[in-house]
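S.K.: Structure supplied as query.txt; contents: compact mmCIF, N, CA and C atoms.
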```
# COMPACT_ATOMS: atom_id res chain seq x y z
N GLY A 1456 -3.73 27.31 5.41
CA GLY A 1456 -2.66 27.70 4.54
C GLY A 1456 -2.27 26.57 3.60
N VAL A 1457 -1.11 26.73 3.09
CA VAL A 1457 -0.57 25.78 2.12
C VAL A 1457 -0.35 24.41 2.74
N ALA A 1458 0.12 24.38 3.98
CA ALA A 1458 0.39 23.09 4.64
C ALA A 1458 -0.90 22.28 4.80
N VAL A 1459 -1.97 22.94 5.18
CA VAL A 1459 -3.25 22.25 5.36
C VAL A 1459 -3.77 21.74 4.03
N GLN A 1460 -3.63 22.55 2.99
CA GLN A 1460 -4.06 22.14 1.66
C GLN A 1460 -3.27 20.92 1.18
N ARG A 1461 -1.96 20.93 1.39
CA ARG A 1461 -1.13 19.80 0.98
C ARG A 1461 -1.49 18.54 1.76
N LEU A 1462 -1.76 18.69 3.04
CA LEU A 1462 -2.18 17.55 3.85
C LEU A 1462 -3.49 16.98 3.32
N GLY A 1463 -4.40 17.84 2.93
CA GLY A 1463 -5.66 17.38 2.36
C GLY A 1463 -5.46 16.60 1.08
N TYR A 1464 -4.60 17.09 0.20
CA TYR A 1464 -4.29 16.36 -1.04
C TYR A 1464 -3.68 15.00 -0.73
N LEU A 1465 -2.77 14.99 0.24
CA LEU A 1465 -2.09 13.75 0.60
C LEU A 1465 -3.09 12.72 1.14
N GLN A 1466 -3.98 13.16 2.00
CA GLN A 1466 -4.96 12.24 2.58
C GLN A 1466 -5.97 11.76 1.55
N ALA A 1467 -6.41 12.65 0.67
CA ALA A 1467 -7.39 12.26 -0.35
C ALA A 1467 -6.78 11.25 -1.32
N ALA A 1468 -5.59 11.52 -1.79
CA ALA A 1468 -4.93 10.60 -2.73
C ALA A 1468 -4.62 9.28 -2.04
N GLY A 1469 -4.17 9.33 -0.80
CA GLY A 1469 -3.89 8.10 -0.05
C GLY A 1469 -5.13 7.25 0.15
N GLY A 1470 -6.24 7.89 0.44
CA GLY A 1470 -7.50 7.16 0.59
C GLY A 1470 -7.94 6.49 -0.69
N LEU A 1471 -7.78 7.18 -1.80
CA LEU A 1471 -8.15 6.61 -3.10
C LEU A 1471 -7.28 5.40 -3.44
N VAL A 1472 -5.98 5.53 -3.21
CA VAL A 1472 -5.06 4.41 -3.46
C VAL A 1472 -5.41 3.24 -2.55
N ALA A 1473 -5.68 3.53 -1.28
CA ALA A 1473 -5.97 2.47 -0.31
C ALA A 1473 -7.22 1.69 -0.69
N VAL A 1474 -8.28 2.39 -1.00
CA VAL A 1474 -9.54 1.72 -1.35
C VAL A 1474 -9.37 0.88 -2.61
N THR A 1475 -8.74 1.44 -3.61
CA THR A 1475 -8.57 0.74 -4.88
C THR A 1475 -7.70 -0.49 -4.71
N ALA A 1476 -6.53 -0.33 -4.09
CA ALA A 1476 -5.60 -1.46 -3.94
C ALA A 1476 -6.21 -2.57 -3.10
N GLN A 1477 -6.89 -2.19 -2.03
CA GLN A 1477 -7.46 -3.20 -1.14
C GLN A 1477 -8.52 -4.03 -1.86
N LEU A 1478 -9.36 -3.39 -2.63
CA LEU A 1478 -10.39 -4.12 -3.38
C LEU A 1478 -9.77 -5.02 -4.44
N VAL A 1479 -8.81 -4.49 -5.18
CA VAL A 1479 -8.20 -5.26 -6.27
C VAL A 1479 -7.43 -6.47 -5.73
N PHE A 1480 -6.58 -6.25 -4.73
CA PHE A 1480 -5.75 -7.35 -4.25
C PHE A 1480 -6.50 -8.32 -3.35
N GLY A 1481 -7.55 -7.86 -2.71
CA GLY A 1481 -8.42 -8.79 -1.99
C GLY A 1481 -9.09 -9.75 -2.96
N ALA A 1482 -9.58 -9.21 -4.07
CA ALA A 1482 -10.22 -10.05 -5.08
C ALA A 1482 -9.20 -10.96 -5.77
N LEU A 1483 -8.01 -10.43 -6.06
CA LEU A 1483 -6.98 -11.26 -6.68
C LEU A 1483 -6.59 -12.43 -5.79
N SER A 1484 -6.52 -12.18 -4.50
CA SER A 1484 -6.14 -13.26 -3.59
C SER A 1484 -7.21 -14.35 -3.54
N ASP A 1485 -8.45 -13.99 -3.84
CA ASP A 1485 -9.52 -14.99 -3.87
C ASP A 1485 -9.33 -15.99 -5.00
N ILE A 1486 -8.73 -15.55 -6.10
CA ILE A 1486 -8.59 -16.44 -7.25
C ILE A 1486 -7.16 -16.94 -7.45
N SER A 1487 -6.24 -16.51 -6.60
CA SER A 1487 -4.84 -16.92 -6.73
C SER A 1487 -4.64 -18.36 -6.31
N ARG A 1488 -3.68 -18.99 -6.93
CA ARG A 1488 -3.34 -20.38 -6.59
C ARG A 1488 -1.82 -20.49 -6.45
N TRP A 1489 -1.31 -20.06 -5.30
CA TRP A 1489 0.12 -20.15 -5.01
C TRP A 1489 0.36 -21.41 -4.20
N ARG A 1490 1.54 -21.96 -4.30
CA ARG A 1490 1.87 -23.14 -3.49
C ARG A 1490 1.79 -22.84 -2.00
N SER A 1491 2.18 -21.64 -1.63
CA SER A 1491 2.19 -21.27 -0.22
C SER A 1491 0.82 -20.83 0.30
N GLY A 1492 -0.17 -20.84 -0.55
CA GLY A 1492 -1.52 -20.43 -0.15
C GLY A 1492 -1.99 -19.24 -0.98
N ARG A 1493 -3.25 -18.98 -0.92
CA ARG A 1493 -3.81 -17.89 -1.74
C ARG A 1493 -3.40 -16.52 -1.24
N ARG A 1494 -3.27 -16.34 0.04
CA ARG A 1494 -3.11 -15.00 0.61
C ARG A 1494 -1.68 -14.69 1.07
N LYS A 1495 -0.95 -15.71 1.45
CA LYS A 1495 0.37 -15.51 2.07
C LYS A 1495 1.34 -14.69 1.21
N PRO A 1496 1.48 -14.93 -0.09
CA PRO A 1496 2.42 -14.12 -0.88
C PRO A 1496 2.08 -12.62 -0.88
N TYR A 1497 0.81 -12.30 -0.91
CA TYR A 1497 0.39 -10.90 -0.86
C TYR A 1497 0.72 -10.29 0.50
N LEU A 1498 0.46 -11.04 1.55
CA LEU A 1498 0.75 -10.56 2.90
C LEU A 1498 2.24 -10.29 3.09
N ILE A 1499 3.06 -11.24 2.68
CA ILE A 1499 4.50 -11.10 2.87
C ILE A 1499 5.07 -10.00 1.99
N PHE A 1500 4.80 -10.04 0.70
CA PHE A 1500 5.39 -9.07 -0.22
C PHE A 1500 4.91 -7.65 0.08
N GLY A 1501 3.63 -7.50 0.34
CA GLY A 1501 3.09 -6.17 0.66
C GLY A 1501 3.70 -5.60 1.92
N THR A 1502 3.86 -6.45 2.94
CA THR A 1502 4.44 -6.00 4.20
C THR A 1502 5.90 -5.61 4.04
N VAL A 1503 6.66 -6.42 3.32
CA VAL A 1503 8.08 -6.12 3.10
C VAL A 1503 8.25 -4.82 2.33
N MET A 1504 7.49 -4.65 1.27
CA MET A 1504 7.62 -3.45 0.45
C MET A 1504 7.20 -2.20 1.22
N ALA A 1505 6.12 -2.29 1.99
CA ALA A 1505 5.69 -1.14 2.79
C ALA A 1505 6.74 -0.80 3.85
N SER A 1506 7.34 -1.80 4.44
CA SER A 1506 8.38 -1.58 5.45
C SER A 1506 9.59 -0.88 4.84
N LEU A 1507 9.96 -1.27 3.64
CA LEU A 1507 11.07 -0.59 2.96
C LEU A 1507 10.73 0.87 2.69
N GLY A 1508 9.51 1.12 2.30
CA GLY A 1508 9.08 2.50 2.08
C GLY A 1508 9.11 3.32 3.34
N ILE A 1509 8.64 2.75 4.43
CA ILE A 1509 8.65 3.46 5.71
C ILE A 1509 10.08 3.74 6.16
N ALA A 1510 10.99 2.82 5.89
CA ALA A 1510 12.39 3.02 6.25
C ALA A 1510 13.03 4.17 5.47
N CYS A 1511 12.47 4.53 4.34
CA CYS A 1511 13.00 5.64 3.52
C CYS A 1511 12.52 7.01 4.00
N LEU A 1512 11.53 7.06 4.86
CA LEU A 1512 10.96 8.34 5.30
C LEU A 1512 11.98 9.36 5.80
N PRO A 1513 12.97 8.98 6.61
CA PRO A 1513 13.90 10.00 7.14
C PRO A 1513 14.76 10.67 6.06
N PHE A 1514 14.80 10.10 4.88
CA PHE A 1514 15.68 10.62 3.83
C PHE A 1514 14.97 11.54 2.84
N LEU A 1515 13.71 11.80 3.05
CA LEU A 1515 12.95 12.66 2.14
C LEU A 1515 13.32 14.12 2.35
N THR A 1516 13.33 14.86 1.24
CA THR A 1516 13.70 16.28 1.33
C THR A 1516 12.65 17.21 0.74
N SER A 1517 11.55 16.67 0.21
CA SER A 1517 10.54 17.56 -0.39
C SER A 1517 9.15 16.97 -0.21
N TYR A 1518 8.18 17.82 -0.41
CA TYR A 1518 6.78 17.40 -0.34
C TYR A 1518 6.47 16.40 -1.46
N VAL A 1519 7.03 16.61 -2.63
CA VAL A 1519 6.77 15.70 -3.76
C VAL A 1519 7.27 14.30 -3.43
N GLN A 1520 8.45 14.21 -2.81
CA GLN A 1520 8.97 12.91 -2.41
C GLN A 1520 8.08 12.27 -1.34
N LEU A 1521 7.63 13.07 -0.38
CA LEU A 1521 6.73 12.57 0.65
C LEU A 1521 5.43 12.07 0.04
N PHE A 1522 4.89 12.83 -0.88
CA PHE A 1522 3.64 12.47 -1.55
C PHE A 1522 3.80 11.12 -2.26
N ALA A 1523 4.86 10.98 -3.04
CA ALA A 1523 5.08 9.74 -3.80
C ALA A 1523 5.31 8.55 -2.87
N LEU A 1524 6.12 8.75 -1.85
CA LEU A 1524 6.41 7.64 -0.94
C LEU A 1524 5.17 7.27 -0.14
N PHE A 1525 4.40 8.24 0.30
CA PHE A 1525 3.19 7.97 1.05
C PHE A 1525 2.22 7.13 0.21
N LEU A 1526 2.06 7.48 -1.06
CA LEU A 1526 1.17 6.71 -1.93
C LEU A 1526 1.70 5.30 -2.13
N GLY A 1527 3.02 5.17 -2.26
CA GLY A 1527 3.61 3.84 -2.40
C GLY A 1527 3.39 2.99 -1.17
N VAL A 1528 3.61 3.57 0.00
CA VAL A 1528 3.39 2.84 1.25
C VAL A 1528 1.91 2.46 1.39
N GLN A 1529 1.03 3.39 1.07
CA GLN A 1529 -0.42 3.08 1.12
C GLN A 1529 -0.74 1.89 0.20
N PHE A 1530 -0.18 1.93 -1.00
CA PHE A 1530 -0.43 0.86 -1.97
C PHE A 1530 0.02 -0.49 -1.40
N TRP A 1531 1.28 -0.56 -0.96
CA TRP A 1531 1.82 -1.84 -0.50
C TRP A 1531 1.16 -2.33 0.78
N LEU A 1532 0.81 -1.42 1.68
CA LEU A 1532 0.09 -1.86 2.88
C LEU A 1532 -1.26 -2.48 2.50
N ASN A 1533 -1.89 -1.92 1.51
CA ASN A 1533 -3.20 -2.44 1.12
C ASN A 1533 -3.10 -3.67 0.24
N VAL A 1534 -1.95 -3.90 -0.39
CA VAL A 1534 -1.71 -5.18 -1.05
C VAL A 1534 -1.75 -6.28 0.01
N ALA A 1535 -1.23 -5.98 1.19
CA ALA A 1535 -1.24 -6.96 2.28
C ALA A 1535 -2.58 -6.98 3.01
N ILE A 1536 -3.19 -5.83 3.22
CA ILE A 1536 -4.40 -5.74 4.04
C ILE A 1536 -5.61 -6.35 3.35
N GLY A 1537 -5.75 -6.16 2.04
CA GLY A 1537 -6.90 -6.72 1.33
C GLY A 1537 -7.00 -8.22 1.50
N PRO A 1538 -5.94 -8.97 1.18
CA PRO A 1538 -5.99 -10.41 1.39
C PRO A 1538 -6.11 -10.80 2.87
N TYR A 1539 -5.50 -10.01 3.75
CA TYR A 1539 -5.61 -10.32 5.19
C TYR A 1539 -7.07 -10.23 5.64
N GLN A 1540 -7.77 -9.21 5.19
CA GLN A 1540 -9.18 -9.07 5.57
C GLN A 1540 -10.04 -10.15 4.95
N ALA A 1541 -9.60 -10.67 3.81
CA ALA A 1541 -10.35 -11.75 3.17
C ALA A 1541 -10.24 -13.05 3.96
N LEU A 1542 -9.21 -13.14 4.82
CA LEU A 1542 -9.10 -14.34 5.66
C LEU A 1542 -10.29 -14.39 6.59
```
In structure tokens, write the structure found in this file.

M.R.:
Amino acid sequence: GVAVQRLGYLQAAGGLVAVTAQLVFGALSDISRWRSGRRKPYLIFGTVMASLGIACLPFLTSYVQLFALFLGVQFWLNVAIGPYQAL
């Protein structure tokens, strides 16, 4: 039904965001020159932003909001995961 179709869209879009963000931010962390290290700012900022997004989950009232927040959380988690895997 409709719920299964929406779940499929959510998973497909989330996967695309995850793959893209992880590749981009993993590569960016390779060339970054931060005082705190190449990877640490990505790890911290990505984790904090994803955590804020997850904290917003109980307040969602529609599928569109869930879709947008899910993609945002996927993005920020992969901002942190790409550089982490590069370690």

S.K.: Excluding same-chain residues fewer than 5 positions from Phe1525 in chain A, what lies within 8 Å of it counting only N, CA and C atoms, as a VMD selection string?

M.R.: chain A and resid 1465 1468 to 1469 1508 1519 to 1520 1530 to 1531

S.K.: So how far away is CA of Ala1535 in chain A from atom N of Gly1501 in chain A, in Å?

M.R.: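 If I compute the distance from atom N of Gly1501 in chain A to CA of Ala1535 in chain A, I get 5.3 Å.
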
S.K.: Would you mind reading off the distance between atom N of Gly1537 in chain A and atom C of Ala1476 in chain A, one decimal, in Å?

M.R.: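 Atom C of Ala1476 in chain A lies 6.3 Å from atom N of Gly1537 in chain A.
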
S.K.: Calculate how many Å separate atom C of Pro1538 in chain A from CA of Gly1463 in chain A, rounding to one decimal.

M.R.: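 A separation of 28.2 Å between them.
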
S.K.: Write out as lines of an AutoDock Vina configuration file an axis-aligned box for range 1487-1500 of chain A: all of its atoms listed in the file, 6 Å added on each side, centre and edge lengths in Å with one decimal.

M.R.:
```
center_x = -0.4
center_y = -15.4
center_z = -1.9
size_x = 23.6
size_y = 27.5
size_z = 22.0
```

S.K.: Here is a test: counting all atoms listed in the file, which residue of A:Val1457, A:Leu1526, A:Val1534, A:Ala1541 is nearest to Pro1496 in chain A?

M.R.: A:Val1534

S.K.: Just want the 8 Å neighbourhood of Leu1483 in chain A, counted on only N, CA and C atoms, with same-chain residues fewer than 4 positions away dropped. Output as a PyMOL selection string.

M.R.: chain A and resi 1477-1479+1487-1488+1493-1494+1537-1538

S.K.: Using only C-alpha atoms, which of A:Ala1467, A:Val1459, A:Ala1482, A:Leu1524 sits nearest Met1504 in chain A?

M.R.: A:Leu1524

S.K.: Pick out the closest residue to Tyr1464 in chain A from this set: A:Phe1522, A:Tyr1539, A:Tyr1497, A:Trp1489. Count only N, CA and C atoms.

M.R.: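 Among the listed residues, A:Phe1522 lies closest to Tyr1464 in chain A.
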
S.K.: DSSP on the backbone, then: every residue of range 1473-1508 of chain A marked alpha helix (DSSP H), written as a list in words.

M.R.: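 Residues meeting the alpha helix (DSSP H) criterion: Ala1473, Val1474, Thr1475, Ala1476, Gln1477, Leu1478, Val1479, Phe1480, Gly1481, Ala1482, Leu1483, Ser1484, Asp1485, Ile1486, Lys1495, Pro1496, Tyr1497, Leu1498, Ile1499, Phe1500, Gly1501, Thr1502, Val1503, Met1504, Ala1505, Ser1506, Leu1507 and Gly1508 of chain A.
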
S.K.: Can you spit out the residues from that selection as a PDB file, in the coordinates of the input, using N, CA and C atoms?

M.R.:
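File selection_25.pdb, as written:
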```
ATOM      1  N   ALA A1473      -5.680   3.530  -1.280  1.00  0.00           N
ATOM      2  CA  ALA A1473      -5.970   2.470  -0.310  1.00  0.00           C
ATOM      3  C   ALA A1473      -7.220   1.690  -0.690  1.00  0.00           C
ATOM      4  N   VAL A1474      -8.280   2.390  -1.000  1.00  0.00           N
ATOM      5  CA  VAL A1474      -9.540   1.720  -1.350  1.00  0.00           C
ATOM      6  C   VAL A1474      -9.370   0.880  -2.610  1.00  0.00           C
ATOM      7  N   THR A1475      -8.740   1.440  -3.610  1.00  0.00           N
ATOM      8  CA  THR A1475      -8.570   0.740  -4.880  1.00  0.00           C
ATOM      9  C   THR A1475      -7.700  -0.490  -4.710  1.00  0.00           C
ATOM     10  N   ALA A1476      -6.530  -0.330  -4.090  1.00  0.00           N
ATOM     11  CA  ALA A1476      -5.600  -1.460  -3.940  1.00  0.00           C
ATOM     12  C   ALA A1476      -6.210  -2.570  -3.100  1.00  0.00           C
ATOM     13  N   GLN A1477      -6.890  -2.190  -2.030  1.00  0.00           N
ATOM     14  CA  GLN A1477      -7.460  -3.200  -1.140  1.00  0.00           C
ATOM     15  C   GLN A1477      -8.520  -4.030  -1.860  1.00  0.00           C
ATOM     16  N   LEU A1478      -9.360  -3.390  -2.630  1.00  0.00           N
ATOM     17  CA  LEU A1478     -10.390  -4.120  -3.380  1.00  0.00           C
ATOM     18  C   LEU A1478      -9.770  -5.020  -4.440  1.00  0.00           C
ATOM     19  N   VAL A1479      -8.810  -4.490  -5.180  1.00  0.00           N
ATOM     20  CA  VAL A1479      -8.200  -5.260  -6.270  1.00  0.00           C
ATOM     21  C   VAL A1479      -7.430  -6.470  -5.730  1.00  0.00           C
ATOM     22  N   PHE A1480      -6.580  -6.250  -4.730  1.00  0.00           N
ATOM     23  CA  PHE A1480      -5.750  -7.350  -4.250  1.00  0.00           C
ATOM     24  C   PHE A1480      -6.500  -8.320  -3.350  1.00  0.00           C
ATOM     25  N   GLY A1481      -7.550  -7.860  -2.710  1.00  0.00           N
ATOM     26  CA  GLY A1481      -8.420  -8.790  -1.990  1.00  0.00           C
ATOM     27  C   GLY A1481      -9.090  -9.750  -2.960  1.00  0.00           C
ATOM     28  N   ALA A1482      -9.580  -9.210  -4.070  1.00  0.00           N
ATOM     29  CA  ALA A1482     -10.220 -10.050  -5.080  1.00  0.00           C
ATOM     30  C   ALA A1482      -9.200 -10.960  -5.770  1.00  0.00           C
ATOM     31  N   LEU A1483      -8.010 -10.430  -6.060  1.00  0.00           N
ATOM     32  CA  LEU A1483      -6.980 -11.260  -6.680  1.00  0.00           C
ATOM     33  C   LEU A1483      -6.590 -12.430  -5.790  1.00  0.00           C
ATOM     34  N   SER A1484      -6.520 -12.180  -4.500  1.00  0.00           N
ATOM     35  CA  SER A1484      -6.140 -13.260  -3.590  1.00  0.00           C
ATOM     36  C   SER A1484      -7.210 -14.350  -3.540  1.00  0.00           C
ATOM     37  N   ASP A1485      -8.450 -13.990  -3.840  1.00  0.00           N
ATOM     38  CA  ASP A1485      -9.520 -14.990  -3.870  1.00  0.00           C
ATOM     39  C   ASP A1485      -9.330 -15.990  -5.000  1.00  0.00           C
ATOM     40  N   ILE A1486      -8.730 -15.550  -6.100  1.00  0.00           N
ATOM     41  CA  ILE A1486      -8.590 -16.440  -7.250  1.00  0.00           C
ATOM     42  C   ILE A1486      -7.160 -16.940  -7.450  1.00  0.00           C
ATOM     43  N   LYS A1495      -0.950 -15.710   1.450  1.00  0.00           N
ATOM     44  CA  LYS A1495       0.370 -15.510   2.070  1.00  0.00           C
ATOM     45  C   LYS A1495       1.340 -14.690   1.210  1.00  0.00           C
ATOM     46  N   PRO A1496       1.480 -14.930  -0.090  1.00  0.00           N
ATOM     47  CA  PRO A1496       2.420 -14.120  -0.880  1.00  0.00           C
ATOM     48  C   PRO A1496       2.080 -12.620  -0.880  1.00  0.00           C
ATOM     49  N   TYR A1497       0.810 -12.300  -0.910  1.00  0.00           N
ATOM     50  CA  TYR A1497       0.390 -10.900  -0.860  1.00  0.00           C
ATOM     51  C   TYR A1497       0.720 -10.290   0.500  1.00  0.00           C
ATOM     52  N   LEU A1498       0.460 -11.040   1.550  1.00  0.00           N
ATOM     53  CA  LEU A1498       0.750 -10.560   2.900  1.00  0.00           C
ATOM     54  C   LEU A1498       2.240 -10.290   3.090  1.00  0.00           C
ATOM     55  N   ILE A1499       3.060 -11.240   2.680  1.00  0.00           N
ATOM     56  CA  ILE A1499       4.500 -11.100   2.870  1.00  0.00           C
ATOM     57  C   ILE A1499       5.070 -10.000   1.990  1.00  0.00           C
ATOM     58  N   PHE A1500       4.800 -10.040   0.700  1.00  0.00           N
ATOM     59  CA  PHE A1500       5.390  -9.070  -0.220  1.00  0.00           C
ATOM     60  C   PHE A1500       4.910  -7.650   0.080  1.00  0.00           C
ATOM     61  N   GLY A1501       3.630  -7.500   0.340  1.00  0.00           N
ATOM     62  CA  GLY A1501       3.090  -6.170   0.660  1.00  0.00           C
ATOM     63  C   GLY A1501       3.700  -5.600   1.920  1.00  0.00           C
ATOM     64  N   THR A1502       3.860  -6.450   2.940  1.00  0.00           N
ATOM     65  CA  THR A1502       4.440  -6.000   4.200  1.00  0.00           C
ATOM     66  C   THR A1502       5.900  -5.610   4.040  1.00  0.00           C
ATOM     67  N   VAL A1503       6.660  -6.420   3.320  1.00  0.00           N
ATOM     68  CA  VAL A1503       8.080  -6.120   3.100  1.00  0.00           C
ATOM     69  C   VAL A1503       8.250  -4.820   2.330  1.00  0.00           C
ATOM     70  N   MET A1504       7.490  -4.650   1.270  1.00  0.00           N
ATOM     71  CA  MET A1504       7.620  -3.450   0.450  1.00  0.00           C
ATOM     72  C   MET A1504       7.200  -2.200   1.220  1.00  0.00           C
ATOM     73  N   ALA A1505       6.120  -2.290   1.990  1.00  0.00           N
ATOM     74  CA  ALA A1505       5.690  -1.140   2.790  1.00  0.00           C
ATOM     75  C   ALA A1505       6.740  -0.800   3.850  1.00  0.00           C
ATOM     76  N   SER A1506       7.340  -1.800   4.440  1.00  0.00           N
ATOM     77  CA  SER A1506       8.380  -1.580   5.450  1.00  0.00           C
ATOM     78  C   SER A1506       9.590  -0.880   4.840  1.00  0.00           C
ATOM     79  N   LEU A1507       9.960  -1.270   3.640  1.00  0.00           N
ATOM     80  CA  LEU A1507      11.070  -0.590   2.960  1.00  0.00           C
ATOM     81  C   LEU A1507      10.730   0.870   2.690  1.00  0.00           C
ATOM     82  N   GLY A1508       9.510   1.120   2.300  1.00  0.00           N
ATOM     83  CA  GLY A1508       9.080   2.500   2.080  1.00  0.00           C
ATOM     84  C   GLY A1508       9.110   3.320   3.340  1.00  0.00           C
TER      85      GLY A1508
END
```

S.K.: When distances are computed from all atoms listed in the file, which of A:Leu1512, A:Val1472, A:Ala1505, A:Leu1542 shows the smallest separation from Val1528 in chain A?

M.R.: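 Of A:Leu1512, A:Val1472, A:Ala1505, A:Leu1542, the one nearest Val1528 in chain A, counting all atoms listed in the file, is A:Ala1505.
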